[in-house]
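With mmCIF, C-alpha atoms and all ligand atoms inside, this is input-v1.cif:
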```cif
data_structure
loop_
_atom_site.label_atom_id
_atom_site.label_comp_id
_atom_site.auth_asym_id
_atom_site.auth_seq_id
_atom_site.Cartn_x
_atom_site.Cartn_y
_atom_site.Cartn_z
CA MET A 21 0.00 0.00 0.00
CA ARG A 22 1.45 3.35 -1.01
CA LYS A 23 0.41 6.30 1.14
CA PRO A 24 -0.58 9.22 -1.08
CA LEU A 25 1.39 12.47 -1.00
CA ILE A 26 0.16 15.91 -2.01
CA ALA A 27 3.08 18.29 -2.39
CA GLY A 28 2.75 22.02 -3.00
CA ASN A 29 5.57 23.56 -5.04
CA TRP A 30 5.31 27.28 -4.36
CA LYS A 31 8.05 28.11 -6.90
CA MET A 32 9.18 31.77 -6.65
CA HIS A 33 6.03 33.02 -4.93
CA GLY A 34 5.11 34.41 -1.53
CA ARG A 35 6.06 36.94 1.12
CA ARG A 36 6.41 36.31 4.83
CA SER A 37 2.83 37.47 5.44
CA THR A 38 1.26 35.33 2.70
CA VAL A 39 3.36 32.31 3.71
CA ARG A 40 2.11 32.68 7.26
CA SER A 41 -1.56 32.94 6.31
CA LEU A 42 -1.34 30.06 3.83
CA ILE A 43 0.34 27.76 6.35
CA GLU A 44 -2.11 28.68 9.11
CA ALA A 45 -5.06 27.90 6.86
CA ILE A 46 -3.63 24.52 5.77
CA LYS A 47 -2.61 23.62 9.31
CA GLN A 48 -6.12 24.15 10.64
CA GLU A 49 -7.51 21.53 8.28
CA ALA A 50 -4.66 19.00 8.45
CA LYS A 51 -6.46 16.77 10.95
CA HIS A 52 -9.05 15.90 8.30
CA PHE A 53 -6.40 14.43 6.01
CA GLN A 54 -4.77 11.67 8.00
CA HIS A 55 -4.64 9.26 5.06
CA VAL A 56 -2.59 11.71 3.02
CA ASP A 57 0.95 12.95 3.49
CA MET A 58 1.08 16.69 2.88
CA ALA A 59 4.18 18.74 2.14
CA VAL A 60 4.98 22.28 1.05
CA PHE A 61 7.99 23.56 -0.88
CA PRO A 62 8.57 27.25 -0.18
CA SER A 63 11.48 29.32 -1.47
CA PHE A 64 14.72 29.02 0.51
CA VAL A 65 14.17 32.30 2.34
CA HIS A 66 10.81 31.18 3.69
CA LEU A 67 12.09 27.91 5.15
CA PRO A 68 12.74 29.31 8.66
CA GLU A 69 9.19 30.70 8.78
CA VAL A 70 7.73 27.43 7.54
CA GLU A 71 9.79 25.37 9.97
CA ALA A 72 8.61 27.50 12.88
CA LEU A 73 4.97 27.17 11.84
CA LEU A 74 4.94 23.48 10.91
CA SER A 75 7.15 21.85 13.54
CA ASN A 76 5.13 19.32 15.51
CA THR A 77 2.41 19.13 12.84
CA PRO A 78 1.83 16.27 10.38
CA ILE A 79 2.69 18.57 7.44
CA ALA A 80 6.22 18.22 6.10
CA TRP A 81 8.27 20.69 4.09
CA GLY A 82 11.08 20.61 1.62
CA ALA A 83 13.15 22.72 -0.74
CA GLN A 84 12.87 23.26 -4.47
CA ASN A 85 16.56 22.78 -5.25
CA LEU A 86 20.01 22.29 -3.72
CA TYR A 87 23.63 22.37 -4.74
CA LEU A 88 26.30 19.69 -4.35
CA GLY A 89 28.44 19.16 -1.29
CA GLU A 90 28.18 20.55 2.22
CA ASN A 91 29.96 23.90 2.16
CA GLY A 92 32.16 25.69 -0.32
CA ALA A 93 32.83 28.63 -2.58
CA PHE A 94 29.54 28.43 -4.52
CA THR A 95 28.10 31.92 -4.30
CA GLY A 96 24.32 31.95 -4.22
CA GLU A 97 23.87 28.22 -3.64
CA VAL A 98 22.33 26.23 -0.78
CA SER A 99 23.54 22.79 0.31
CA GLY A 100 21.68 19.69 1.46
CA PRO A 101 22.97 19.90 5.05
CA MET A 102 21.74 23.53 5.20
CA LEU A 103 18.27 22.32 4.21
CA ALA A 104 18.37 19.45 6.69
CA ASP A 105 19.28 22.01 9.35
CA TYR A 106 15.91 23.69 8.70
CA GLY A 107 14.01 20.44 9.06
CA CYS A 108 13.43 19.73 5.36
CA ARG A 109 12.32 16.17 4.70
CA TYR A 110 12.27 16.40 0.90
CA VAL A 111 13.91 18.25 -1.96
CA LEU A 112 12.76 18.56 -5.57
CA ILE A 113 15.39 17.43 -8.06
CA GLY A 114 15.31 17.97 -11.81
CA HIS A 115 12.15 20.08 -12.04
CA SER A 116 11.59 21.00 -15.69
CA GLU A 117 12.10 24.68 -14.87
CA ARG A 118 15.56 23.80 -13.54
CA ARG A 119 16.28 21.63 -16.59
CA THR A 120 15.24 24.30 -19.10
CA ILE A 121 15.67 27.79 -17.59
CA PHE A 122 18.77 26.88 -15.57
CA GLN A 123 20.20 24.34 -18.04
CA GLU A 124 20.57 21.52 -15.52
CA ASN A 125 21.71 18.46 -17.45
CA LEU A 126 21.29 14.75 -16.72
CA GLU A 127 24.71 14.52 -15.05
CA LEU A 128 24.09 17.43 -12.67
CA ILE A 129 20.62 16.17 -11.81
CA ALA A 130 22.00 12.72 -10.93
CA LEU A 131 24.65 14.35 -8.73
CA LYS A 132 22.00 16.49 -7.01
CA PHE A 133 19.92 13.37 -6.37
CA GLN A 134 22.92 11.83 -4.62
CA ALA A 135 23.67 15.04 -2.73
CA ALA A 136 20.11 15.08 -1.40
CA GLN A 137 20.40 11.55 -0.08
CA ALA A 138 23.84 12.19 1.39
CA ALA A 139 22.21 14.93 3.47
CA GLY A 140 19.39 12.64 4.59
CA LEU A 141 16.78 14.32 2.38
CA LYS A 142 14.32 12.37 0.27
CA PRO A 143 14.62 13.46 -3.37
CA ILE A 144 11.48 13.93 -5.45
CA LEU A 145 12.89 13.35 -8.92
CA CYS A 146 10.86 15.27 -11.52
CA ILE A 147 10.73 13.96 -15.06
CA GLY A 148 8.62 14.67 -18.12
CA GLU A 149 8.49 15.22 -21.85
CA THR A 150 7.91 18.38 -23.87
CA LEU A 151 4.97 18.79 -26.24
CA ALA A 152 7.23 18.25 -29.26
CA GLU A 153 8.52 15.02 -27.75
CA ARG A 154 5.00 13.78 -27.05
CA GLN A 155 3.85 14.67 -30.54
CA SER A 156 6.75 12.76 -32.06
CA GLN A 157 6.07 9.66 -29.91
CA GLN A 158 9.23 10.14 -27.86
CA THR A 159 7.59 10.30 -24.43
CA GLU A 160 8.73 6.89 -23.23
CA GLU A 161 12.24 7.31 -24.62
CA LYS A 162 12.61 10.67 -22.89
CA ILE A 163 11.27 9.34 -19.56
CA ALA A 164 13.56 6.31 -19.72
CA ILE A 165 16.63 8.48 -20.34
CA GLN A 166 15.75 10.79 -17.44
CA LEU A 167 15.30 7.84 -15.08
CA GLU A 168 18.16 5.62 -16.23
CA SER A 169 20.70 8.44 -15.97
CA VAL A 170 19.99 8.69 -12.24
CA ILE A 171 19.67 4.93 -11.71
CA THR A 172 23.07 4.38 -13.37
CA LYS A 173 24.77 7.02 -11.23
CA ALA A 174 23.09 6.45 -7.87
CA GLY A 175 22.31 2.72 -8.15
CA ILE A 176 18.83 1.21 -8.01
CA ASN A 177 18.94 0.74 -4.23
CA ALA A 178 19.04 4.50 -3.78
CA PHE A 179 15.42 4.50 -4.96
CA HIS A 180 14.26 2.85 -1.74
CA GLN A 181 14.35 6.42 -0.43
CA ALA A 182 13.01 8.47 -3.33
CA ILE A 183 9.81 9.66 -4.97
CA ILE A 184 9.13 10.24 -8.66
CA ALA A 185 7.03 13.11 -10.00
CA TYR A 186 5.86 12.79 -13.59
CA GLU A 187 5.28 16.32 -14.87
CA PRO A 188 4.68 16.62 -18.60
CA VAL A 189 6.29 19.95 -19.51
CA TRP A 190 3.34 20.90 -21.71
CA ALA A 191 0.96 20.61 -18.74
CA ILE A 192 2.93 22.80 -16.31
CA GLY A 193 1.32 26.17 -15.69
CA THR A 194 -0.66 25.92 -18.93
CA GLY A 195 -4.04 24.80 -17.66
CA LEU A 196 -3.67 21.78 -19.96
CA THR A 197 -3.72 18.65 -17.80
CA ALA A 198 -2.85 15.22 -19.06
CA THR A 199 -6.00 13.12 -19.12
CA PRO A 200 -6.10 10.48 -16.39
CA GLU A 201 -5.45 7.84 -19.07
CA GLN A 202 -2.46 9.71 -20.55
CA ALA A 203 -0.96 10.14 -17.10
CA GLN A 204 -1.69 6.54 -16.09
CA ASP A 205 0.06 5.21 -19.22
CA VAL A 206 3.26 7.05 -18.34
CA HIS A 207 3.04 6.21 -14.63
CA ALA A 208 2.68 2.52 -15.49
CA PHE A 209 5.69 2.80 -17.81
CA ILE A 210 7.75 4.43 -15.02
CA ARG A 211 6.73 1.72 -12.56
CA GLN A 212 7.65 -0.96 -15.07
CA ILE A 213 11.15 0.51 -15.47
CA PHE A 214 11.68 0.22 -11.71
CA MET A 215 10.12 -3.25 -11.61
CA GLN A 216 12.66 -4.43 -14.16
CA HIS A 217 15.47 -3.31 -11.86
CA ASN A 218 13.93 -4.36 -8.55
CA HIS A 219 10.41 -5.64 -8.05
CA GLU A 220 9.99 -4.30 -4.54
CA ILE A 221 11.15 -0.80 -5.45
CA GLY A 222 8.85 -0.80 -8.46
CA SER A 223 5.80 -1.83 -6.48
CA THR A 224 6.35 0.55 -3.57
CA MET A 225 7.66 3.64 -5.42
CA PRO A 226 5.34 6.64 -4.96
CA ILE A 227 4.77 8.27 -8.35
CA LEU A 228 3.16 11.70 -8.24
CA TYR A 229 1.54 13.49 -11.16
CA GLY A 230 2.15 17.21 -11.73
CA GLY A 231 0.86 19.68 -14.29
CA SER A 232 -2.16 21.95 -13.78
CA VAL A 233 -3.67 19.77 -11.05
CA LYS A 234 -6.78 21.45 -9.62
CA PRO A 235 -9.58 20.30 -7.31
CA ASP A 236 -11.84 19.71 -10.31
CA ASN A 237 -9.48 17.43 -12.23
CA ALA A 238 -7.77 15.71 -9.29
CA GLU A 239 -10.35 13.01 -8.67
CA GLY A 240 -10.02 11.44 -12.12
CA LEU A 241 -6.22 11.43 -11.86
CA PHE A 242 -6.22 9.94 -8.35
CA ALA A 243 -8.57 7.16 -9.45
CA MET A 244 -5.76 5.75 -11.60
CA PRO A 245 -3.91 2.78 -10.09
CA ASP A 246 -0.37 4.12 -10.56
CA ILE A 247 -0.98 7.75 -9.55
CA ASP A 248 -0.04 8.14 -5.89
CA GLY A 249 -0.59 11.84 -5.39
CA ALA A 250 0.29 15.17 -6.93
CA LEU A 251 2.98 17.79 -7.19
CA VAL A 252 0.91 20.95 -7.36
CA GLY A 253 2.12 24.35 -8.52
CA GLY A 254 -0.38 27.20 -8.97
CA ALA A 255 -3.22 25.56 -7.02
CA SER A 256 -0.97 25.11 -3.97
CA LEU A 257 -0.72 28.88 -3.48
CA GLU A 258 -4.24 29.07 -2.06
CA ALA A 259 -5.34 27.00 0.90
CA LYS A 260 -8.78 26.36 -0.57
CA SER A 261 -7.53 24.77 -3.78
CA PHE A 262 -4.63 22.92 -2.12
CA LEU A 263 -6.98 21.44 0.48
CA GLY A 264 -9.56 20.78 -2.24
CA ILE A 265 -7.00 18.56 -3.98
CA CYS A 266 -6.10 16.80 -0.70
CA GLU A 267 -9.81 16.12 -0.18
CA LYS A 268 -10.09 14.40 -3.55
CA ILE A 269 -7.39 11.89 -2.74
CA SER A 270 -8.91 11.07 0.64
CA PHE A 271 -12.07 9.95 -1.14
CA VAL A 272 -10.39 7.52 -3.50
CA CYS A 273 -7.92 5.83 -1.15
P1 LIG B 1 1.19 23.86 -12.08
O1 LIG B 1 0.35 23.04 -11.13
O2 LIG B 1 1.11 25.33 -11.84
O3 LIG B 1 0.94 23.46 -13.51
O4 LIG B 1 2.72 23.47 -11.79
C1 LIG B 1 3.10 22.14 -11.75
C2 LIG B 1 4.50 22.06 -11.26
O5 LIG B 1 5.43 22.45 -11.94
C3 LIG B 1 4.71 21.54 -9.91
O6 LIG B 1 6.06 21.29 -9.68
#
```

For the file at hand, write its structure as structure tokens.
Amino acid sequence: MRKPLIAGNWKMHGRRSTVRSLIEAIKQEAKHFQHVDMAVFPSFVHLPEVEALLSNTPIAWGAQNLYLGENGAFTGEVSGPMLADYGCRYVLIGHSERRTIFQENLELIALKFQAAQAAGLKPILCIGETLAERQSQQTEEKIAIQLESVITKAGINAFHQAIIAYEPVWAIGTGLTATPEQAQDVHAFIRQIFMQHNHEIGSTMPILYGGSVKPDNAEGLFAMPDIDGALVGGASLEAKSFLGICEKISFVC
């Protein structure tokens, strides 16, 4: 049995006051969602605020990125141990915005995945195809390359402590969601890749869907057998829609 996870990726949004009100509103309702793991991913600067507000609650938090190593001359970067120091449980690795806007390549992403684990953080490895790749039937090839590059570097056993988020690039922030069937097909393909390496890892791996998830499309996605939750962008910035998505998964599990 895989416990569902709803993760809110706040991206580069929020101020101290809005972070506080959003967290307070989510916290108040958390007791209704005991069958769901909930986590938020604020910007680095909001981590102290989030840690103070969420310590001793069931809601976890994580970071959107990290850099390699523990300390060093890397101006502007934040290391895994720094994130662990602020109570982060998770870190997003390889989000499509990092891959495209910040040119993170397969090698760097695999190293970041390892850096996360070295710091005791659980990586949420984000993968997904572009619209052009989908239209030219390259979705599976692209997904396999993104996964195998990390499996080769980190070893399959590293995935005992990892989560996958399938986020088709064409569905992120566009209002275009993959249909439940489109998402399920890719999730099943991802699970099969892990199964081929290690049956237990394949069957227990949480695989989240991300890309314009909203309360009104979440139920259909969560009804799919290989969709174990969501990585939510825009709809996680308001308590009502974030909680609305959490509510949908409670009903189907
Ligand atoms: P949206 O939900 O805004 O499409 O963002 C998805 C995403 O990128 C989450 O990491």

message: So that I can see what lies close to A:Arg154, please list as a PyMOL selection string the residues with an atom at most 12 Å from it, counting all atoms listed in the file and leaving out residues fewer than 4 positions away in the same chain.
response: chain A and resi 148-150+158-163+188-191+198+202+206

Closest of A:Met225, A:Ala255, A:Ala174, A:Ile265 to ligand LIG 1 (chain B) - atom-to-atom distances counting all atoms listed in the file: A:Ala255

task: For stretch 183-187 of chain A, please output as a ChimeraX atom specification all residues within 7 Å (counting all atoms listed in the file; exclusion window: fewer than 5 positions along the same chain).
output: /A:143-148,225-231,251

I'd like the neighbourhood of stretch 84-87 of chain A as a PDB file with C-alpha atoms, in the coordinates of the input, where a residue qualifies if any of its atoms comes within 8 Å (using only C-alpha atoms), though same-chain residues fewer than 2 positions away should be ignored.
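Generated file (out15.pdb):
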```
ATOM      1  CA  ASN A  29       5.570  23.560  -5.040  1.00  0.00           C
ATOM      2  CA  LYS A  31       8.050  28.110  -6.900  1.00  0.00           C
ATOM      3  CA  PHE A  61       7.990  23.560  -0.880  1.00  0.00           C
ATOM      4  CA  PRO A  62       8.570  27.250  -0.180  1.00  0.00           C
ATOM      5  CA  SER A  63      11.480  29.320  -1.470  1.00  0.00           C
ATOM      6  CA  PHE A  64      14.720  29.020   0.510  1.00  0.00           C
ATOM      7  CA  GLY A  82      11.080  20.610   1.620  1.00  0.00           C
ATOM      8  CA  GLY A  89      28.440  19.160  -1.290  1.00  0.00           C
ATOM      9  CA  GLU A  97      23.870  28.220  -3.640  1.00  0.00           C
ATOM     10  CA  VAL A  98      22.330  26.230  -0.780  1.00  0.00           C
ATOM     11  CA  SER A  99      23.540  22.790   0.310  1.00  0.00           C
ATOM     12  CA  GLY A 100      21.680  19.690   1.460  1.00  0.00           C
ATOM     13  CA  VAL A 111      13.910  18.250  -1.960  1.00  0.00           C
ATOM     14  CA  LEU A 112      12.760  18.560  -5.570  1.00  0.00           C
ATOM     15  CA  ILE A 113      15.390  17.430  -8.060  1.00  0.00           C
ATOM     16  CA  LYS A 132      22.000  16.490  -7.010  1.00  0.00           C
ATOM     17  CA  ALA A 135      23.670  15.040  -2.730  1.00  0.00           C
ATOM     18  CA  ALA A 136      20.110  15.080  -1.400  1.00  0.00           C
TER      19      ALA A 136
END
```

task: Would you mind reading off the distance between atom CA of A:Lys47 and atom CA of A:Phe242, one decimal, in Å?
output: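 Taking atom CA of A:Lys47 and atom CA of A:Phe242, their separation equals 22.6 Å.
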
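Of the residues listed (A:Ala139, A:Ile192, A:Ala208, A:Ile79), A:Ile192 shows the shortest atom-to-atom separation from ligand LIG 1 (chain B); distances use all atoms listed in the file.
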
task: Kindly indicate which residue among A:Trp81, A:Trp30, A:Phe209, A:Phe214 lies nearest to ligand LIG 1 (chain B), using all atoms listed in the file for the distances.
output: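 Going through A:Trp81, A:Trp30, A:Phe209, A:Phe214 one by one, the smallest distance to ligand LIG 1 (chain B) is for A:Trp30.
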
statement: atom P1 of ligand LIG 1 (chain B) sits from atom CA of A:Val252 at a separation of 5.6 Å

So for stretch 153-167 of chain A, what box centre and size do we get, axis-aligned, 8 Å extra on each of the six sides, every listed atom, Å to one decimal, as AutoDock Vina command-line options?
```
--center_x 10.2 --center_y 10.7 --center_z -23.6 --size_x 28.8 --size_y 24.7 --size_z 33.0
```

message: as a ChimeraX atom specification, please: the residues near stretch 217-221 of chain A (cut-off 9 Å, all atoms listed in the file, same-chain neighbours under 2 positions excluded).
response: /A:176-177,179-180,211-215,223-225

message: Between A:Ala152, A:Ala250, A:Val39, A:Leu131, which residue has the minimum interatomic distance to ligand LIG 1 (chain B), considering all atoms listed in the file?
response: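 Between A:Ala152, A:Ala250, A:Val39, A:Leu131, the residue approaching ligand LIG 1 (chain B) most closely is A:Ala250.
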
- request: One decimal, Å: what's the distance from atom O4 of ligand LIG 1 (chain B) over to atom CA of A:Ile129, could you say?
  value: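 Distance reported for this atom pair: 19.3 Å.
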
message: Within 9 Å of (4.7, 32.4, 13.2) in the file's own coordinates, which protein, DNA or RNA residues have an atom, counting only C-alpha atoms? List them as a VMD selection string.
response: chain A and resid 40 44 69 to 70 72 to 73

Next, write the just-selected residues to a file, as a PDB file, in the frame of the given file, keeping C-alpha atoms as the atom set.
```pdb
ATOM      1  CA  ARG A  40       2.110  32.680   7.260  1.00  0.00           C
ATOM      2  CA  GLU A  44      -2.110  28.680   9.110  1.00  0.00           C
ATOM      3  CA  GLU A  69       9.190  30.700   8.780  1.00  0.00           C
ATOM      4  CA  VAL A  70       7.730  27.430   7.540  1.00  0.00           C
ATOM      5  CA  ALA A  72       8.610  27.500  12.880  1.00  0.00           C
ATOM      6  CA  LEU A  73       4.970  27.170  11.840  1.00  0.00           C
TER       7      LEU A  73
END
```

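If you measure from each of A:Thr194, A:Gln216, A:Thr38, A:Asn76 to ligand LIG 1 (chain B) using all atoms listed in the file, the closest one turns out to be A:Thr194.
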